[in-house]
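So this block is run-v2.cif, mmCIF, C-alpha atoms:
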```cif
data_my_file
loop_
_atom_site.label_atom_id
_atom_site.label_comp_id
_atom_site.auth_asym_id
_atom_site.auth_seq_id
_atom_site.Cartn_x
_atom_site.Cartn_y
_atom_site.Cartn_z
CA MET Y 1 66.68 49.49 38.00
CA THR Y 2 70.39 49.07 38.68
CA ASP Y 3 72.69 52.07 38.74
CA GLN Y 4 74.03 52.98 35.33
CA ARG Y 5 77.53 54.13 34.57
CA ILE Y 6 78.87 56.60 32.04
CA LEU Y 7 82.25 55.38 30.90
CA PRO Y 8 84.80 56.16 28.20
CA PRO Y 9 84.96 53.79 25.24
CA VAL Y 10 87.18 50.73 25.48
CA PRO Y 11 90.64 51.36 23.98
CA ASP Y 12 89.99 49.24 20.88
CA GLU Y 13 86.94 50.64 19.04
CA SER Y 14 86.46 47.33 17.25
CA GLU Y 15 85.99 45.46 20.53
CA ALA Y 16 83.28 47.16 22.56
CA ARG Y 17 82.75 44.62 25.32
CA PRO Y 18 84.45 45.06 28.71
CA GLU Y 19 86.45 42.32 30.33
CA ALA Y 20 85.08 39.88 32.89
CA GLY Y 21 84.30 41.54 36.19
CA ASP Y 22 82.17 44.28 34.66
CA ARG Y 23 78.54 44.54 35.72
CA PHE Y 24 77.21 42.52 32.76
CA SER Y 25 80.09 40.05 32.62
CA SER Y 26 77.90 36.97 32.10
CA ALA Y 27 76.24 38.22 28.91
CA LYS Y 28 77.20 39.57 25.54
CA LYS Y 29 77.15 43.34 25.24
CA LEU Y 30 76.14 44.87 21.95
CA LYS Y 31 77.60 48.17 20.77
CA ILE Y 32 74.67 50.25 19.49
CA ASP Y 33 73.85 53.78 18.35
CA PHE Y 34 70.09 54.42 18.48
CA HIS Y 35 70.15 57.95 16.99
CA THR Y 36 71.78 58.79 13.66
CA HIS Y 37 70.94 60.72 10.48
CA THR Y 38 71.94 60.29 6.83
CA ARG Y 39 71.73 62.14 3.52
CA GLU Y 40 68.23 60.71 3.01
CA ASP Y 41 66.96 62.87 5.89
CA PRO Y 42 64.34 65.31 4.53
CA LYS Y 43 65.11 67.99 7.13
CA ASP Y 44 68.91 68.17 7.34
CA PHE Y 45 71.84 68.52 4.96
CA ILE Y 46 74.13 65.54 5.52
CA ARG Y 47 76.98 64.45 3.29
CA TYR Y 48 76.99 60.66 3.80
CA THR Y 49 74.37 58.13 2.74
CA ALA Y 50 72.83 55.30 4.74
CA PRO Y 51 75.08 52.64 3.13
CA GLU Y 52 78.12 54.78 3.86
CA LEU Y 53 77.14 55.08 7.52
CA ILE Y 54 76.58 51.33 7.69
CA ASP Y 55 80.09 50.78 6.30
CA ILE Y 56 81.59 53.09 8.92
CA ALA Y 57 79.59 51.53 11.77
CA ALA Y 58 80.80 48.07 10.75
CA ARG Y 59 84.43 49.27 10.67
CA LYS Y 60 84.04 50.76 14.15
CA GLY Y 61 82.80 47.46 15.56
CA PHE Y 62 79.14 48.32 16.06
CA ASP Y 63 76.77 45.41 16.44
CA ALA Y 64 73.55 47.31 15.70
CA LEU Y 65 72.51 50.68 14.34
CA ALA Y 66 69.30 52.70 14.02
CA ILE Y 67 69.01 55.35 11.32
CA THR Y 68 66.49 57.84 12.69
CA ASN Y 69 65.88 60.46 10.05
CA HIS Y 70 63.35 63.20 10.76
CA ASP Y 71 59.72 62.21 10.17
CA ARG Y 72 60.71 59.56 7.64
CA LEU Y 73 61.37 55.86 8.20
CA LEU Y 74 64.43 54.80 6.21
CA PHE Y 75 64.32 51.02 6.32
CA SER Y 76 64.04 48.44 3.58
CA PRO Y 77 64.82 44.75 3.08
CA ALA Y 78 67.66 45.73 0.73
CA LEU Y 79 69.26 48.06 3.30
CA GLU Y 80 68.73 45.49 6.04
CA ARG Y 81 70.49 42.84 3.92
CA TYR Y 82 73.34 45.22 3.15
CA ALA Y 83 73.89 45.80 6.87
CA ALA Y 84 73.66 42.07 7.61
CA GLN Y 85 76.46 41.44 5.09
CA LYS Y 86 78.58 43.69 7.31
CA ASN Y 87 77.52 41.71 10.41
CA LEU Y 88 75.47 44.73 11.53
CA LEU Y 89 71.87 44.57 12.72
CA LEU Y 90 69.91 47.47 11.20
CA ILE Y 91 67.07 48.53 13.49
CA PRO Y 92 64.10 50.54 12.16
CA GLY Y 93 63.89 53.98 13.71
CA ILE Y 94 62.58 57.50 13.24
CA GLU Y 95 62.84 60.90 14.91
CA ILE Y 96 59.30 62.22 14.88
CA THR Y 97 58.26 65.83 15.41
CA ALA Y 98 55.50 66.33 17.97
CA ASP Y 99 54.45 69.91 18.76
CA GLU Y 100 57.89 71.09 17.57
CA CYS Y 101 59.63 68.59 19.86
CA HIS Y 102 61.73 65.66 18.69
CA ILE Y 103 61.18 62.12 19.95
CA ILE Y 104 63.02 58.96 18.86
CA ILE Y 105 60.97 55.83 18.28
CA ILE Y 106 62.88 52.62 17.66
CA ASN Y 107 61.04 49.88 15.77
CA PRO Y 108 57.90 51.99 15.26
CA GLN Y 109 54.63 50.12 14.84
CA PHE Y 110 52.90 52.85 12.82
CA LYS Y 111 53.17 54.49 9.42
CA PRO Y 112 54.92 57.85 9.91
CA ASP Y 113 52.94 61.02 9.28
CA PRO Y 114 55.19 63.58 7.50
CA ASN Y 115 53.02 66.36 8.94
CA GLY Y 116 54.09 65.45 12.45
CA TYR Y 117 52.19 64.76 15.64
CA SER Y 118 51.05 66.30 18.89
CA LEU Y 119 52.64 65.28 22.17
CA THR Y 120 49.36 63.68 23.23
CA ASP Y 121 49.72 61.27 20.29
CA LEU Y 122 52.64 59.60 22.06
CA ARG Y 123 50.31 57.41 24.11
CA HIS Y 124 49.04 55.88 20.86
CA LEU Y 125 52.45 55.63 19.17
CA LYS Y 126 54.06 53.80 22.08
CA SER Y 127 54.14 50.00 21.80
CA ASP Y 128 55.53 47.05 23.72
CA LYS Y 129 57.51 46.27 20.56
CA SER Y 130 58.99 49.78 20.34
CA LEU Y 131 61.49 51.84 22.30
CA VAL Y 132 60.68 55.52 22.93
CA ILE Y 133 63.71 57.72 23.62
CA ALA Y 134 63.82 61.37 24.69
CA PRO Y 135 66.72 62.74 22.59
CA HIS Y 136 68.98 65.56 23.88
CA PRO Y 137 66.12 66.48 26.27
CA PHE Y 138 67.55 69.73 27.67
CA PHE Y 139 69.28 71.22 24.63
CA HIS Y 140 67.55 74.52 23.86
CA LEU Y 141 68.37 74.67 20.14
CA PHE Y 142 67.49 71.09 19.22
CA LYS Y 143 63.68 71.01 19.42
CA SER Y 144 64.08 69.14 22.68
CA LEU Y 145 61.32 68.16 25.10
CA GLN Y 146 62.78 70.21 27.98
CA LYS Y 147 59.92 70.89 30.45
CA ASN Y 148 57.62 68.62 28.42
CA LEU Y 149 59.76 65.62 29.39
CA TYR Y 150 58.32 65.24 32.87
CA PRO Y 151 54.59 64.96 32.02
CA LEU Y 152 55.49 62.43 29.30
CA LEU Y 153 57.72 60.17 31.38
CA GLY Y 154 55.02 57.50 31.49
CA TYR Y 155 55.43 57.11 27.71
CA ILE Y 156 59.23 57.50 27.61
CA ASP Y 157 61.31 54.31 27.86
CA ALA Y 158 64.80 55.87 27.96
CA ILE Y 159 66.57 59.22 28.13
CA GLU Y 160 69.45 60.10 25.83
CA PHE Y 161 72.99 61.03 26.79
CA THR Y 162 74.16 62.71 23.60
CA CYS Y 163 77.63 63.23 22.16
CA TYR Y 164 77.37 67.05 22.33
CA HIS Y 165 79.51 67.67 25.41
CA ASN Y 166 82.95 68.38 26.79
CA SER Y 167 84.41 69.59 30.08
CA LEU Y 168 83.19 73.17 29.52
CA LEU Y 169 79.71 72.44 28.18
CA ASN Y 170 77.62 69.44 29.17
CA LEU Y 171 73.85 69.77 29.08
CA ASN Y 172 73.65 66.02 29.57
CA LYS Y 173 73.96 66.56 33.31
CA LYS Y 174 70.27 67.41 33.59
CA ALA Y 175 69.40 64.32 31.55
CA VAL Y 176 71.45 62.14 33.89
CA ARG Y 177 69.68 63.60 36.94
CA ALA Y 178 66.25 63.13 35.35
CA ALA Y 179 67.02 59.50 34.52
CA GLN Y 180 68.26 58.78 38.04
CA GLU Y 181 65.40 60.56 39.77
CA HIS Y 182 62.69 58.89 37.69
CA GLY Y 183 64.21 55.44 37.22
CA LYS Y 184 64.69 55.68 33.47
CA PRO Y 185 67.56 54.04 31.55
CA LEU Y 186 70.18 56.23 29.91
CA VAL Y 187 71.23 55.47 26.34
CA GLY Y 188 74.27 57.02 24.70
CA ASN Y 189 73.87 58.18 21.10
CA SER Y 190 75.79 60.24 18.57
CA ASP Y 191 72.82 62.04 16.92
CA SER Y 192 75.27 61.89 14.05
CA HIS Y 193 74.96 64.62 11.41
CA ASN Y 194 78.62 64.41 10.47
CA LEU Y 195 81.24 61.73 10.85
CA ARG Y 196 83.22 63.64 13.50
CA GLN Y 197 80.41 62.74 15.89
CA PHE Y 198 79.85 59.11 15.05
CA GLY Y 199 81.39 56.57 17.41
CA LYS Y 200 82.12 59.11 20.16
CA THR Y 201 79.05 58.21 22.24
CA TYR Y 202 77.14 54.94 22.12
CA THR Y 203 75.40 52.33 24.26
CA LEU Y 204 76.42 48.87 25.38
CA VAL Y 205 73.33 46.68 25.71
CA GLU Y 206 73.26 43.27 27.38
CA ALA Y 207 71.09 41.40 24.88
CA ASP Y 208 70.91 38.87 22.11
CA LYS Y 209 71.46 40.32 18.67
CA ASN Y 210 67.83 40.78 17.67
CA ILE Y 211 65.40 43.67 17.94
CA PRO Y 212 63.00 42.30 20.61
CA SER Y 213 65.89 41.32 22.90
CA ILE Y 214 67.58 44.72 22.54
CA ILE Y 215 64.38 46.64 23.22
CA ARG Y 216 63.57 44.51 26.26
CA ALA Y 217 67.11 44.89 27.62
CA VAL Y 218 67.06 48.69 27.38
CA LYS Y 219 63.66 48.90 29.05
CA ASP Y 220 65.04 46.70 31.85
CA GLY Y 221 68.04 49.00 32.26
CA ARG Y 222 70.60 46.45 31.06
CA CYS Y 223 72.63 49.09 29.24
CA GLU Y 224 75.40 51.56 29.87
CA VAL Y 225 76.71 54.68 28.18
CA ARG Y 226 80.18 54.92 26.67
CA THR Y 227 81.33 58.40 25.69
CA THR Y 228 84.31 60.51 24.69
CA PRO Y 229 83.96 64.31 25.06
CA LEU Y 230 84.18 66.21 21.80
CA PRO Y 231 87.08 68.65 21.43
CA LEU Y 232 85.84 72.19 22.05
CA GLY Y 233 86.59 73.27 18.47
CA THR Y 234 84.66 70.34 17.03
CA LEU Y 235 81.74 70.95 19.36
CA VAL Y 236 81.59 74.66 18.47
CA ARG Y 237 81.74 73.92 14.72
CA ILE Y 238 78.94 71.37 14.99
CA LEU Y 239 76.70 73.74 16.95
CA LEU Y 240 77.40 76.69 14.64
CA ASN Y 241 76.70 74.56 11.56
CA PHE Y 242 73.47 73.38 13.13
CA MET Y 243 72.31 76.91 13.99
CA THR Y 244 73.20 78.21 10.50
CA PHE Y 245 71.36 75.40 8.75
CA GLU Y 246 68.35 75.74 11.05
CA ARG Y 247 68.06 79.47 10.26
CA MET Y 248 68.29 78.73 6.53
CA ARG Y 249 65.65 76.01 6.77
CA ARG Y 250 63.21 78.27 8.63
CA PHE Y 251 63.80 81.09 6.14
CA ILE Y 252 63.00 78.76 3.23
CA GLU Y 253 59.88 77.46 4.99
CA ARG Y 254 58.64 81.01 5.56
CA ARG Y 255 59.20 81.87 1.90
CA HIS Y 256 56.99 78.94 0.91
#
```
Final structure tokens representation of the file:
Amino acid sequence: MTDQRILPPVPDESEARPEAGDRFSSAKKLKIDFHTHTREDPKDFIRYTAPELIDIAARKGFDALAITNHDRLLFSPALERYAAQKNLLLIPGIEITADECHIIIINPQFKPDPNGYSLTDLRHLKSDKSLVIAPHPFFHLFKSLQKNLYPLLGYIDAIEFTCYHNSLLNLNKKAVRAAQEHGKPLVGNSDSHNLRQFGKTYTLVEADKNIPSIIRAVKDGRCEVRTTPLPLGTLVRILLNFMTFERMRRFIERRH
């Protein structure tokens, strides 16, 4: 696999393809976020709906988008058509829970189980038609794989570089090392739970604008991360909101 770069976004958000002379200069690069959440997510409180996120992605010049709500596949012909009207390819996706760890599966070939999975199920959930991503793998508060990443690398297609970072705090560094050491592609995602995150970190993929081509390109490493560090205040607010909501959710679950 060729070396991957982590670069800032191009100056014009609506034009996400570098000039000739870049590593993938002979092919079209698609601007994609493989990890986002919307109000329809059963596990998180989010203010914007799927159509609203599609509108924003189109305005920011994205070519493709996966909505990966927790343990629920949000994808329908109507939503797909709505995105297509905006010149946006909507890709099916889900963030499953397996033994209290989160795993992204793009274009899943199974019917999601709302009760979750075990990590050993991943060998059966993986498919040649799907893309399995380890999201925020070393973030302690985010139900991340952490030490479980390494035994599962045979079933993981890509490792996520998430938007949650700045010059003072960047737990993506361990993800970058793991990807380099084990020959796995890096994909940049927003893990968007609020609109301050969306568009700050994404992936450029050298592919045709269809799901099989995109999945094949990522698995082949024909992708690169584009990212802008979050301001410290924004990052702190996001993390505090997440911790507060997570405590509330666990309290409610215990009461039931």
Given the choices Y:Leu119, Y:Ala217, Y:Val236, Y:Ala84, which gets closest to Ala64 in chain Y if the distance is worked out from only C-alpha atoms? Y:Ala84
Please write as a compact mmCIF listing (two decimals) with C-alpha atoms, keeping the file's coordinate frame the full residue list that the PyMOL selection byres ((chain Y and resi 103) around 8) yields on this file.
```
# COMPACT_ATOMS: atom_id res chain seq x y z
CA GLU Y 95 62.84 60.90 14.91
CA ILE Y 96 59.30 62.22 14.88
CA THR Y 97 58.26 65.83 15.41
CA ALA Y 98 55.50 66.33 17.97
CA CYS Y 101 59.63 68.59 19.86
CA HIS Y 102 61.73 65.66 18.69
CA ILE Y 104 63.02 58.96 18.86
CA ILE Y 105 60.97 55.83 18.28
CA VAL Y 132 60.68 55.52 22.93
CA ILE Y 133 63.71 57.72 23.62
CA ALA Y 134 63.82 61.37 24.69
CA PRO Y 135 66.72 62.74 22.59
CA LEU Y 145 61.32 68.16 25.10
```
When distances are computed from only C-alpha atoms, which of Y:Pro185, Y:Arg222, Y:Arg216, Y:Asn69 shows the smallest separation from Ala50 in chain Y?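 Ranked by minimum distance to Ala50 in chain Y, first place goes to Y:Asn69.
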Selection near Arg226 in chain Y, 9 Å with all atoms listed in the file, sequence-local residues under 4 positions removed, as number ranges by chain: Y: 5-10, 187-188, 200-204
Would you mind reading off the distance between CA of Leu195 in chain Y and CA of Ile94 in chain Y, one decimal, in Å?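 About the pair CA of Leu195 in chain Y and CA of Ile94 in chain Y: they are 19.3 Å apart.
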Rank nothing, just name the residue among Y:Leu131, Y:Cys163, Y:Ile214, Y:Leu186 nearest to Leu235 in chain Y, using all atoms listed in the file.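 Checking each of Y:Leu131, Y:Cys163, Y:Ile214, Y:Leu186 against Leu235 in chain Y, counting all atoms listed in the file, the winner is Y:Cys163.
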Determine the nearest neighbour of Ile159 in chain Y from the options Y:Leu88, Y:Pro108, Y:Ile211, Y:Val225, counting only C-alpha atoms.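 The closest residue to Ile159 in chain Y is Y:Val225.
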Atom-to-atom span, CA of Leu30 in chain Y and CA of Asn210 in chain Y, Å: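 That distance, rounded to one decimal, is 10.2 Å.
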Leaving out Tyr164 in chain Y and any residue of its chain fewer than 4 positions from it, which residues lie within 10 Å of it when counting only C-alpha atoms, given as a PyMOL selection string? chain Y and resi 136+139+169-172+189-192+197+200-201+228-232+234-236+238-239
Atomic distance CA of Ala83 in chain Y - CA of Phe142 in chain Y, expressed in Å with one decimal: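 Distance between the two atoms: 28.9 Å.
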Could you please give me, as a PyMOL selection string, the residues of protein, DNA or RNA lying at most 8 Å from (60.6, 62.2, 39.7) in the coordinate frame of the file, considering only C-alpha atoms? chain Y and resi 150+178+181-182
On this structure, the PyMOL selection byres ((chain Y and resi 121) around 12) would catch which residues? List them as a list of chain:residue names, sorted by chain and number.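 When the PyMOL selection byres ((chain Y and resi 121) around 12) is applied, the selected residues are Y:Ile96, Y:Thr97, Y:Ala98, Y:Asp99, Y:Ile103, Y:Phe110, Y:Asp113, Y:Gly116, Y:Tyr117, Y:Ser118, Y:Leu119, Y:Thr120, Y:Leu122, Y:Arg123, Y:His124, Y:Leu125, Y:Lys126, Y:Leu152, Y:Tyr155.
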For Ile106 in chain Y, which of Y:Glu40, Y:Asp128, Y:Glu52, Y:Asp208 is the closest residue, counting all atoms listed in the file?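 Among Y:Glu40, Y:Asp128, Y:Glu52, Y:Asp208, it is Y:Asp128 that comes nearest to Ile106 in chain Y.
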So which residues fall inside 8 Å of (68.6, 49.8, 6.3) if we count all atoms listed in the file? Mind giving them as a PDB file with C-alpha atoms, keeping the file's coordinate frame?
```pdb
ATOM      1  CA  ALA Y  50      72.830  55.300   4.740  1.00  0.00           C
ATOM      2  CA  PRO Y  51      75.080  52.640   3.130  1.00  0.00           C
ATOM      3  CA  ILE Y  67      69.010  55.350  11.320  1.00  0.00           C
ATOM      4  CA  LEU Y  74      64.430  54.800   6.210  1.00  0.00           C
ATOM      5  CA  PHE Y  75      64.320  51.020   6.320  1.00  0.00           C
ATOM      6  CA  SER Y  76      64.040  48.440   3.580  1.00  0.00           C
ATOM      7  CA  PRO Y  77      64.820  44.750   3.080  1.00  0.00           C
ATOM      8  CA  ALA Y  78      67.660  45.730   0.730  1.00  0.00           C
ATOM      9  CA  LEU Y  79      69.260  48.060   3.300  1.00  0.00           C
ATOM     10  CA  GLU Y  80      68.730  45.490   6.040  1.00  0.00           C
ATOM     11  CA  ARG Y  81      70.490  42.840   3.920  1.00  0.00           C
ATOM     12  CA  TYR Y  82      73.340  45.220   3.150  1.00  0.00           C
ATOM     13  CA  ALA Y  83      73.890  45.800   6.870  1.00  0.00           C
ATOM     14  CA  LEU Y  90      69.910  47.470  11.200  1.00  0.00           C
ATOM     15  CA  ILE Y  91      67.070  48.530  13.490  1.00  0.00           C
ATOM     16  CA  PRO Y  92      64.100  50.540  12.160  1.00  0.00           C
TER      17      PRO Y  92
END
```
Compile the contact shell of Asp41 in chain Y as a ChimeraX atom specification: residues with an atom at most 8 Å away, counting only C-alpha atoms, same-chain residues fewer than 4 positions apart removed. /Y:37,45-46,69-70,72
Those same residues, written as a PDB file, in the frame of the given file with C-alpha atoms?
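Result saved to result-v2.pdb:
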```pdb
ATOM      1  CA  HIS Y  37      70.940  60.720  10.480  1.00  0.00           C
ATOM      2  CA  PHE Y  45      71.840  68.520   4.960  1.00  0.00           C
ATOM      3  CA  ILE Y  46      74.130  65.540   5.520  1.00  0.00           C
ATOM      4  CA  ASN Y  69      65.880  60.460  10.050  1.00  0.00           C
ATOM      5  CA  HIS Y  70      63.350  63.200  10.760  1.00  0.00           C
ATOM      6  CA  ARG Y  72      60.710  59.560   7.640  1.00  0.00           C
TER       7      ARG Y  72
END
```
For each of Y:Phe198, Y:Gly154, Y:His193, Y:Thr68, take the minimum atom-to-atom distance to His35 in chain Y, counting all atoms listed in the file, then give the residue where this is smallest.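 Using all atoms listed in the file, the shortest distance to His35 in chain Y belongs to Y:Thr68.
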